>>> print(open('run.cif').read())   # mmCIF, C-alpha atoms and all ligand atoms
data_run
loop_
_atom_site.group_PDB
_atom_site.id
_atom_site.type_symbol
_atom_site.label_atom_id
_atom_site.label_comp_id
_atom_site.auth_asym_id
_atom_site.auth_seq_id
_atom_site.Cartn_x
_atom_site.Cartn_y
_atom_site.Cartn_z
ATOM 1 C CA MET A 944 -8.160 -8.151 -22.352
ATOM 2 C CA SER A 945 -9.519 -4.736 -21.493
ATOM 3 C CA SER A 946 -7.090 -2.088 -20.353
ATOM 4 C CA LEU A 947 -9.001 -1.787 -17.065
ATOM 5 C CA TYR A 948 -8.351 -5.409 -16.182
ATOM 6 C CA GLN A 949 -4.793 -5.208 -17.453
ATOM 7 C CA ALA A 950 -4.275 -2.322 -15.051
ATOM 8 C CA VAL A 951 -5.846 -4.256 -12.148
ATOM 9 C CA ILE A 952 -3.639 -7.299 -12.761
ATOM 10 C CA LEU A 953 -0.545 -5.151 -13.144
ATOM 11 C CA ASP A 954 -1.308 -3.198 -9.969
ATOM 12 C CA HIS A 955 -1.972 -6.290 -7.850
ATOM 13 C CA SER A 956 1.039 -8.181 -9.205
ATOM 14 C CA LYS A 957 3.423 -5.289 -8.631
ATOM 15 C CA HIS A 958 1.913 -4.213 -5.320
ATOM 16 C CA PRO A 959 0.320 -7.359 -3.870
ATOM 17 C CA ARG A 960 -2.016 -6.818 -0.943
ATOM 18 C CA ASN A 961 -1.682 -8.966 2.169
ATOM 19 C CA CYS A 962 1.667 -10.387 1.107
ATOM 20 C CA GLY A 963 3.720 -11.799 3.965
ATOM 21 C CA LEU A 964 3.445 -14.143 6.911
ATOM 22 C CA ILE A 965 1.411 -14.440 10.102
ATOM 23 C CA ASP A 966 3.507 -15.308 13.175
ATOM 24 C CA HIS A 967 0.971 -17.730 14.613
ATOM 25 C CA PRO A 968 -1.619 -18.603 11.990
ATOM 26 C CA THR A 969 -4.560 -20.793 12.915
ATOM 27 C CA HIS A 970 -4.462 -22.258 9.419
ATOM 28 C CA HIS A 971 -1.650 -22.703 6.908
ATOM 29 C CA GLY A 972 -1.568 -24.265 3.466
ATOM 30 C CA GLU A 973 0.640 -24.502 0.416
ATOM 31 C CA SER A 974 0.167 -25.421 -3.224
ATOM 32 C CA LYS A 975 2.405 -25.793 -6.219
ATOM 33 C CA ASN A 976 1.648 -25.237 -9.872
ATOM 34 C CA PRO A 977 2.960 -28.464 -11.438
ATOM 35 C CA THR A 978 3.362 -26.910 -14.872
ATOM 36 C CA CYS A 979 5.917 -24.304 -13.773
ATOM 37 C CA GLY A 980 6.981 -25.254 -10.238
ATOM 38 C CA ASP A 981 5.831 -21.970 -8.731
ATOM 39 C CA SER A 982 4.334 -22.220 -5.269
ATOM 40 C CA LEU A 983 2.092 -20.261 -2.959
ATOM 41 C CA SER A 984 1.617 -20.362 0.812
ATOM 42 C CA LEU A 985 -1.296 -18.954 2.728
ATOM 43 C CA ASP A 986 -1.609 -18.076 6.406
ATOM 44 C CA LEU A 987 -4.992 -17.396 7.972
ATOM 45 C CA LEU A 988 -6.043 -16.220 11.385
ATOM 46 C CA ILE A 989 -9.561 -17.490 11.946
ATOM 47 C CA GLN A 990 -11.444 -16.397 15.042
ATOM 48 C CA ASP A 991 -15.099 -17.204 15.678
ATOM 49 C CA ASP A 992 -15.484 -18.450 12.094
ATOM 50 C CA LEU A 993 -14.280 -15.117 10.736
ATOM 51 C CA ILE A 994 -11.117 -14.761 8.665
ATOM 52 C CA SER A 995 -9.564 -11.876 10.547
ATOM 53 C CA GLU A 996 -6.108 -11.958 8.922
ATOM 54 C CA VAL A 997 -4.889 -13.194 5.553
ATOM 55 C CA TYR A 998 -1.334 -13.282 4.279
ATOM 56 C CA PHE A 999 0.108 -15.106 1.306
ATOM 57 C CA HIS A 1000 3.617 -15.468 0.020
ATOM 58 C CA GLY A 1001 5.359 -17.327 -2.740
ATOM 59 C CA HIS A 1002 6.667 -17.089 -6.244
ATOM 60 C CA GLY A 1003 4.707 -16.923 -9.425
ATOM 61 C CA CYS A 1004 3.771 -15.012 -12.519
ATOM 62 C CA ALA A 1005 1.760 -11.794 -12.625
ATOM 63 C CA ILE A 1006 -1.534 -13.681 -13.008
ATOM 64 C CA SER A 1007 -0.933 -15.912 -9.974
ATOM 65 C CA GLN A 1008 0.250 -13.041 -7.794
ATOM 66 C CA ALA A 1009 -2.628 -10.790 -8.829
ATOM 67 C CA ALA A 1010 -5.157 -13.581 -8.212
ATOM 68 C CA ALA A 1011 -3.726 -14.216 -4.737
ATOM 69 C CA SER A 1012 -3.791 -10.511 -3.913
ATOM 70 C CA LEU A 1013 -7.378 -10.059 -5.129
ATOM 71 C CA LEU A 1014 -8.512 -13.217 -3.335
ATOM 72 C CA SER A 1015 -6.928 -12.069 -0.089
ATOM 73 C CA GLU A 1016 -8.914 -8.846 -0.262
ATOM 74 C CA VAL A 1017 -12.140 -10.728 -0.907
ATOM 75 C CA ILE A 1018 -11.832 -13.116 2.053
ATOM 76 C CA LYS A 1019 -10.347 -10.789 4.673
ATOM 77 C CA GLY A 1020 -12.930 -10.118 7.370
ATOM 78 C CA LYS A 1021 -15.405 -12.571 5.847
ATOM 79 C CA PRO A 1022 -16.964 -15.715 7.349
ATOM 80 C CA VAL A 1023 -15.215 -18.991 6.586
ATOM 81 C CA GLU A 1024 -18.293 -20.201 4.732
ATOM 82 C CA THR A 1025 -17.969 -17.307 2.276
ATOM 83 C CA ALA A 1026 -14.416 -18.406 1.476
ATOM 84 C CA LEU A 1027 -15.487 -22.031 1.185
ATOM 85 C CA ALA A 1028 -18.162 -21.078 -1.344
ATOM 86 C CA LEU A 1029 -15.708 -19.388 -3.725
ATOM 87 C CA GLY A 1030 -15.101 -21.200 -6.989
ATOM 88 C CA PRO A 1031 -13.002 -20.804 -10.137
ATOM 89 C CA ASP A 1032 -15.561 -18.498 -11.759
ATOM 90 C CA ASP A 1033 -15.207 -16.045 -8.875
ATOM 91 C CA ILE A 1034 -11.449 -15.819 -9.393
ATOM 92 C CA LEU A 1035 -11.791 -15.443 -13.145
ATOM 93 C CA SER A 1036 -14.379 -12.763 -12.603
ATOM 94 C CA LEU A 1037 -11.998 -10.871 -10.291
ATOM 95 C CA LEU A 1038 -9.246 -11.072 -12.914
ATOM 96 C CA GLY A 1039 -11.636 -10.252 -15.753
ATOM 97 C CA VAL A 1040 -9.617 -12.071 -18.383
ATOM 98 C CA GLU A 1041 -9.900 -15.134 -20.569
ATOM 99 C CA LEU A 1042 -7.039 -17.510 -20.016
ATOM 100 C CA SER A 1043 -5.423 -20.448 -21.750
ATOM 101 C CA PRO A 1044 -5.478 -23.778 -19.854
ATOM 102 C CA ASN A 1045 -1.922 -23.245 -18.598
ATOM 103 C CA ARG A 1046 -2.645 -19.730 -17.397
ATOM 104 C CA LEU A 1047 -5.825 -21.028 -15.773
ATOM 105 C CA LYS A 1048 -3.616 -23.059 -13.425
ATOM 106 C CA CYS A 1049 -1.782 -19.837 -12.543
ATOM 107 C CA ALA A 1050 -5.041 -18.023 -11.855
ATOM 108 C CA LEU A 1051 -6.472 -20.800 -9.697
ATOM 109 C CA LEU A 1052 -3.346 -21.550 -7.654
ATOM 110 C CA SER A 1053 -4.460 -19.218 -4.867
ATOM 111 C CA LEU A 1054 -7.953 -20.736 -4.767
ATOM 112 C CA GLU A 1055 -6.477 -24.241 -4.508
ATOM 113 C CA THR A 1056 -4.205 -23.011 -1.723
ATOM 114 C CA LEU A 1057 -7.154 -21.423 0.079
ATOM 115 C CA LYS A 1058 -9.152 -24.666 -0.018
ATOM 116 C CA LYS A 1059 -6.167 -26.628 1.328
ATOM 117 C CA THR A 1060 -5.590 -24.025 4.019
ATOM 118 C CA LEU A 1061 -9.195 -24.086 5.185
ATOM 119 C CA ALA A 1062 -9.038 -27.879 5.307
ATOM 120 C CA SER A 1063 -5.821 -27.856 7.335
ATOM 121 C CA ASP A 1064 -6.494 -29.436 10.669
ATOM 122 C CA SER A 1065 -6.519 -27.752 14.020
ATOM 123 C CA GLU A 1066 -2.958 -28.886 14.854
ATOM 124 C CA ASN A 1067 -1.922 -25.519 13.467
ATOM 125 C CA LYS A 1068 -4.084 -23.626 15.916
ATOM 126 C CA VAL A 1069 -2.391 -21.477 18.526
HETATM 127 FE FE1 LIG B 1101 4.033 -20.222 -12.511
HETATM 128 FE FE2 LIG B 1101 2.035 -18.753 -13.451
HETATM 129 S S1 LIG B 1101 3.843 -19.374 -14.518
HETATM 130 S S2 LIG B 1101 2.222 -19.608 -11.475
#
>>> encode(input="run.cif", output="structure tokens")
Amino acid sequence: MSSLYQAVILDHSKHPRNCGLIDHPTHHGESKNPTCGDSLSLDLLIQDDLISEVYFHGHGCAISQAAASLLSEVIKGKPVETALALGPDDILSLLGVELSPNRLKCALLSLETLKKTLASDSENKV
């Protein structure tokens, strides 16, 4: 792992961006990493097919927290279709590290949560 990416992961895990809750999200989703029991929740405010607000919260290791923080920065202000098009390679590219299968689950927890959140039905809408 290069020191640059180590620094990025450390920074985002210690100072996660967009960490918290939205009072009245239009979309909400949660996922759990079955290997460790850690979980992540995501709140989105989607207006006119744009993701105007993004907040996540939950517990997890440095990799999962950094991935959630980086992902939140990528999707904030973007069209829903941009978020829908994101895949595992995009997250791994953001993290810039090679991961063991177990750590891969950590890295992709936020992406799984995002997909669930975007699929959450409109009952959550305000
Ligand atoms: Fe639980 Fe990484 S060890 S999310």
>>> closest_residue(input="run.cif", among="A:Leu964, A:Ala1011, A:Leu987, A:Leu1027", to="Lys1058 in chain A", atoms="all atoms listed in the file")
A:Leu1027
>>> closest_residue(input="run.cif", among="A:Ala1028, A:Leu1035, A:Ser1007, A:Val1023", to="Leu1052 in chain A", atoms="all atoms listed in the file")
A:Ser1007
>>> residues_around(input="run.cif", residues="Ala1050 in chain A", least_positions_apart="5", cutoff="9 Å", atoms="only C-alpha atoms", output="PyMOL selection string")
chain A and resi 1006-1011+1031+1034-1035+1038+1042
>>> residues_near_point(input="run.cif", point="(0.6, -16.9, 4.2)", cutoff="9 Å", atoms="only C-alpha atoms", output="NGL selection string")
:A and (961-965 or 968 or 971-973 or 983-987 or 997-1001)
>>> write_last_selection(input="run.cif", atoms="C-alpha atoms", output="compact mmCIF listing (two decimals), in the frame of the given file")
# COMPACT_ATOMS: atom_id res chain seq x y z
CA ASN A 961 -1.68 -8.97 2.17
CA CYS A 962 1.67 -10.39 1.11
CA GLY A 963 3.72 -11.80 3.96
CA LEU A 964 3.44 -14.14 6.91
CA ILE A 965 1.41 -14.44 10.10
CA PRO A 968 -1.62 -18.60 11.99
CA HIS A 971 -1.65 -22.70 6.91
CA GLY A 972 -1.57 -24.26 3.47
CA GLU A 973 0.64 -24.50 0.42
CA LEU A 983 2.09 -20.26 -2.96
CA SER A 984 1.62 -20.36 0.81
CA LEU A 985 -1.30 -18.95 2.73
CA ASP A 986 -1.61 -18.08 6.41
CA LEU A 987 -4.99 -17.40 7.97
CA VAL A 997 -4.89 -13.19 5.55
CA TYR A 998 -1.33 -13.28 4.28
CA PHE A 999 0.11 -15.11 1.31
CA HIS A 1000 3.62 -15.47 0.02
CA GLY A 1001 5.36 -17.33 -2.74
>>> closest_atom_pairs(input="run.cif", of="chain A", to="ligand LIG 1101 (chain B)", cutoff="9 Å", atoms="all atoms listed in the file", output="tab-separated table")
residue	atom	partner	partner_atom	distance
A:Lys975	CA	B:LIG1101	S2	8.1
A:Asn976	CA	B:LIG1101	S2	5.9
A:Pro977	CA	B:LIG1101	FE1	8.4
A:Thr978	CA	B:LIG1101	FE1	7.1
A:Cys979	CA	B:LIG1101	FE1	4.7
A:Gly980	CA	B:LIG1101	FE1	6.3
A:Asp981	CA	B:LIG1101	FE1	4.5
A:Ser982	CA	B:LIG1101	S2	7.1
A:Leu983	CA	B:LIG1101	S2	8.5
A:His1002	CA	B:LIG1101	S2	7.3
A:Gly1003	CA	B:LIG1101	S2	4.2
A:Cys1004	CA	B:LIG1101	FE2	4.2
A:Ala1005	CA	B:LIG1101	FE2	7.0
A:Ile1006	CA	B:LIG1101	FE2	6.2
A:Ser1007	CA	B:LIG1101	S2	5.1
A:Gln1008	CA	B:LIG1101	S2	7.8
A:Asn1045	CA	B:LIG1101	FE2	7.9
A:Arg1046	CA	B:LIG1101	FE2	6.2
A:Leu1047	CA	B:LIG1101	FE2	8.5
A:Lys1048	CA	B:LIG1101	S2	7.1
A:Cys1049	CA	B:LIG1101	FE2	4.1
A:Ala1050	CA	B:LIG1101	FE2	7.3
A:Leu1051	CA	B:LIG1101	S2	9.0
A:Leu1052	CA	B:LIG1101	S2	7.0
>>> closest_residue(input="run.cif", among="A:Leu1037, A:Leu993, A:Ala1062, A:Leu1057", to="Glu1024 in chain A", atoms="only C-alpha atoms")
A:Leu993
>>> axis_aligned_box(input="run.cif", around="range 1040-1051 of chain A", padding_each_side="6 Å", output="JSON")
{"center_x": -5.8, "center_y": -17.9, "center_z": -15.7, "size_x": 20.1, "size_y": 23.7, "size_z": 24.1}
>>> closest_residue(input="run.cif", among="A:Pro1022, A:His967, A:Gly1039, A:Ser974", to="Asp991 in chain A", atoms="all atoms listed in the file")
A:Pro1022
>>> atom_distance(input="run.cif", atom1="CA of Glu1016 in chain A", atom2="CA of Pro959 in chain A")
10.0 Å
>>> atom_distance(input="run.cif", atom1="CA of Val1040 in chain A", atom2="CA of Glu996 in chain A")
27.5 Å
>>> closest_residue(input="run.cif", among="A:Leu988, A:Leu947, A:Ala1026, A:Leu1014", to="Ser1053 in chain A", atoms="all atoms listed in the file")
A:Leu1014
>>> atom_distance(input="run.cif", atom1="CA of Val1017 in chain A", atom2="CA of Lys957 in chain A")
18.2 Å
